[in-house]
Protein chains: 2
Amino acid sequence: MTTDTTVLDGLDFPTPPLAVADDVADLLFREARTAAEFVPGEVTDAQLEAVYDLVKWGPTAMNTLPMRMLVVRTPEARARLAALMNEGNRDRVLAAPVSIVVAADPGFHQHIPTLAPHAAGFKDVLEGQPETRESMARTNALIQAGYLIVGLRAAGLGTGAMGGMDFQGIDDAFFADNGWKSLLVINVGNVEGAGTSRPRGERLTYGQASLTV
Amino acid sequence: MTTDTTVLDGLDFPTPPLAVADDVADLLFREARTAAEFVPGEVTDAQLEAVYDLVKWGPTAMNTLPMRMLVVRTPEARARLAALMNEGNRDRVLAAPVSIVVAADPGFHQHIPTLAPHAAGFKDVLEGQPETRESMARTNALIQAGYLIVGLRAAGLGTGAMGGMDFQGIDDAFFADNGWKSLLVINVGNVEGAGTSRPRGERLTYGQASLTV
């Protein structure tokens with residue numbers, strides 16, 4: 001990172017057409033890996049709040065911000081969560097200092113008068129449309145999950161996202177009161193190097209993933 | 001040790017706990033707005049390919065990478081797309097130099113042997129499960145859409161994401177051959193300042209959007 005204030009050696013500059021420095025591109029995307037091995041070091045509430053305060057600015061439909069985060073920190077809660085992951089993901093949860101259950105809140109419409117005052121009346125329209133709310137919450141919270149993974153990396157944290165889990169079981173265990181719907185789990189911690197011993201997977205090329213008309 | 005303030009003028013450094021410089025945090029999230037007004041200046045294929053080549057590294061389930069991008073560039077195609085947007089979004093499409101229809105590819109499983117060779121057999125399992133494929137594609141492509149919006153900003157581009165559109169009509173008009181499913185449209189162009197005259201919406205606080213157990 002560009003934190004050395006005494007010398008310019010080691011400072012990175014953007015390679016156009018990117019507008020961020022190479023070390024930033026590496027940190028957020030190019031060298032970041034799905035972490036499975038963490039090194040000692042706490043993940044503080046202050047870190048997670050700073051990450052949220054960064055990614056909360058990302059756009060969502062009508063500024064509805066339906067993503068919610070359950071930060072699973074205590075040994076008891078971590079054991080409950082691990083038991084509800086698919087077998088291959090249990091050890092990964094237990095190996096991390098903190099896991100975040102990323103969820104969607106179908107009750108997001110309660111906040112519309114504050115978040116989108118020009119559309120305040122939409123709160124009452126959505127009150128009677130629980131299926132629309134659930135779909136909107138899921139769509140936009142998943143986009144926000146993308147921001148969140150980038151934001152955790154922007155705080156220098158290792159992230160391991162996983163979707164293999166008992167969604168209904170997690171909702172029953174953790175969200176019986178607030179109605180949140182689990183979407184994925186992200187293990188969060190400090191890493192050295194890649195944080196994984198797996199070889200890096202190939203990626204589709206721009207030509208494979210896009211068309212121009 | 002001394003700091004050469006002449007040279008360092010204008011360079012920004014991270015404010016912990018973030019590990020990216022303040023100007024990066026501003027560019028990607030804090031000062032970025034949903035752009036509605038673009039200034040002259042082309043968005044090149046090279047720019048969009050560089051953005052894709054950045055965000056393709058973001059994690060997806062089993063490295064399936066189901067997000068696809070339809071880059072809508074010609075006046076004829078842009079008029080067809082605009083006609084399929086909700087009325088309030090038509091002028092926004094027409095005001096942008098380029099729009100990207102972000103889509104999910106339920107045929108992503110064809111690439112599993114390349115992208116996830118350790119799970120190559122999953123390709124045949126998924127072949128007979130079109131509903132599972134459609135759900136997996138949608139979930140992971142939406143997370144990738146979050147990466148994409150950040151990546152476009154990392155290339156210094158203004159982005160205006162919109163979900164108000166005739167999804168089925170767009171799929172019929174543009175994806176009849178490949179089966180892609182449209183998820184959102186992102187207008188892309190060059191902006192000066194905020195690229196919008198709308199006041200910035202409030203955001204939920206960390207305390208409102210998270211719980212810790």
# chains A, B, ... in the order shown; residues from 1 in each chain; ligands from 1
$ interface_residues --of "chain B" --to "chain A" --cutoff "6 Å" --atoms "only C-alpha atoms" --output "count of residues only"
34
$ select_by_dssp --residues "region 33-205 of chain B" --states "strand (DSSP E or B)" --output "ChimeraX atom specification"
/B:34,39,67-72,85,98-104,158-162,165,181-190
$ residues_around --residues "Arg133 (chain A)" --least-positions-apart "6" --cutoff "9 Å" --atoms "only C-alpha atoms" --output "PyMOL selection string"
chain A and resi 105-109+126-127
$ write_last_selection --atoms "all heavy atoms" --output "short mmCIF file (atom, residue, chain, number, x, y, z; two decimals), in the first residue's frame"
data_model
loop_
_atom_site.label_atom_id
_atom_site.label_comp_id
_atom_site.auth_asym_id
_atom_site.auth_seq_id
_atom_site.Cartn_x
_atom_site.Cartn_y
_atom_site.Cartn_z
N ASP A 105 -33.09 -7.49 3.96
CA ASP A 105 -34.18 -7.16 4.87
C ASP A 105 -35.44 -6.81 4.08
O ASP A 105 -35.54 -5.71 3.52
CB ASP A 105 -33.76 -5.96 5.74
CG ASP A 105 -34.85 -5.57 6.74
OD1 ASP A 105 -35.87 -6.29 6.83
OD2 ASP A 105 -34.67 -4.55 7.44
N PRO A 106 -36.41 -7.72 4.03
CA PRO A 106 -37.66 -7.40 3.31
C PRO A 106 -38.44 -6.27 3.97
O PRO A 106 -39.40 -5.76 3.38
CB PRO A 106 -38.44 -8.72 3.37
CG PRO A 106 -37.44 -9.78 3.69
CD PRO A 106 -36.42 -9.10 4.55
N GLY A 107 -38.03 -5.86 5.15
CA GLY A 107 -38.66 -4.73 5.82
C GLY A 107 -37.96 -3.40 5.52
O GLY A 107 -38.20 -2.41 6.22
N PHE A 108 -37.15 -3.40 4.47
CA PHE A 108 -36.39 -2.19 4.12
C PHE A 108 -37.28 -0.99 3.86
O PHE A 108 -36.85 0.17 4.00
CB PHE A 108 -35.52 -2.46 2.88
CG PHE A 108 -36.32 -2.63 1.61
CD1 PHE A 108 -36.67 -1.53 0.84
CD2 PHE A 108 -36.75 -3.89 1.20
CE1 PHE A 108 -37.42 -1.68 -0.33
CE2 PHE A 108 -37.50 -4.05 0.04
CZ PHE A 108 -37.85 -2.94 -0.71
N HIS A 109 -38.55 -1.26 3.46
CA HIS A 109 -39.43 -0.15 3.06
C HIS A 109 -39.73 0.80 4.21
O HIS A 109 -40.11 1.95 3.97
CB HIS A 109 -40.72 -0.70 2.46
CG HIS A 109 -41.54 -1.50 3.42
ND1 HIS A 109 -41.05 -2.60 4.10
CD2 HIS A 109 -42.82 -1.37 3.85
CE1 HIS A 109 -41.99 -3.10 4.87
NE2 HIS A 109 -43.08 -2.37 4.74
N LEU A 126 -45.53 -0.56 -0.81
CA LEU A 126 -44.80 -1.82 -0.62
C LEU A 126 -45.28 -2.59 0.60
O LEU A 126 -45.10 -3.81 0.66
CB LEU A 126 -43.30 -1.54 -0.49
CG LEU A 126 -42.58 -1.23 -1.81
CD1 LEU A 126 -41.14 -0.80 -1.52
CD2 LEU A 126 -42.59 -2.45 -2.73
N GLU A 127 -45.89 -1.91 1.55
CA GLU A 127 -46.35 -2.59 2.76
C GLU A 127 -47.22 -3.79 2.41
O GLU A 127 -47.09 -4.87 3.00
CB GLU A 127 -47.12 -1.61 3.66
CG GLU A 127 -47.64 -2.21 4.96
CD GLU A 127 -46.53 -2.71 5.88
OE1 GLU A 127 -45.48 -2.05 5.96
OE2 GLU A 127 -46.71 -3.78 6.51
#
$ closest_residue --among "B:Val39, B:Ala104, B:Gly195, B:Thr132" --to "Lys181 (chain B)" --atoms "only C-alpha atoms"
B:Ala104
$ residues_around --residues "Met85 (chain B)" --least-positions-apart "5" --cutoff "6 Å" --atoms "only C-alpha atoms" --output "JSON, numbers by chain"
{"B": [90, 165, 166]}
$ closest_residue --among "A:Gly193, A:Leu84, A:Gly158, A:Ala137" --to "Trp180 (chain A)" --atoms "only C-alpha atoms"
A:Ala137
$ residues_around --residues "Thr196 (chain B)" --least-positions-apart "5" --cutoff "6 Å" --atoms "only C-alpha atoms" --output "PDB file with N, CA and C atoms, in the first residue's frame"
ATOM      1  N   ALA B  35     -24.805   8.835 -11.810  1.00  0.00           N
ATOM      2  CA  ALA B  35     -24.678   9.894 -12.808  1.00  0.00           C
ATOM      3  C   ALA B  35     -25.896   9.922 -13.720  1.00  0.00           C
ATOM      4  N   ALA B  36     -26.379  11.125 -13.970  1.00  0.00           N
ATOM      5  CA  ALA B  36     -27.493  11.307 -14.903  1.00  0.00           C
ATOM      6  C   ALA B  36     -27.107  12.265 -16.023  1.00  0.00           C
ATOM      7  N   GLU B  37     -26.010  13.008 -15.830  1.00  0.00           N
ATOM      8  CA  GLU B  37     -25.585  14.009 -16.818  1.00  0.00           C
ATOM      9  C   GLU B  37     -24.144  13.718 -17.194  1.00  0.00           C
TER      10      GLU B  37
END
$ atom_distance --atom1 "CA of Gln168 (chain B)" --atom2 "CA of Asn187 (chain B)"
19.4 Å
$ atom_distance --atom1 "CA of Ala119 (chain A)" --atom2 "CA of Ile186 (chain B)"
21.4 Å
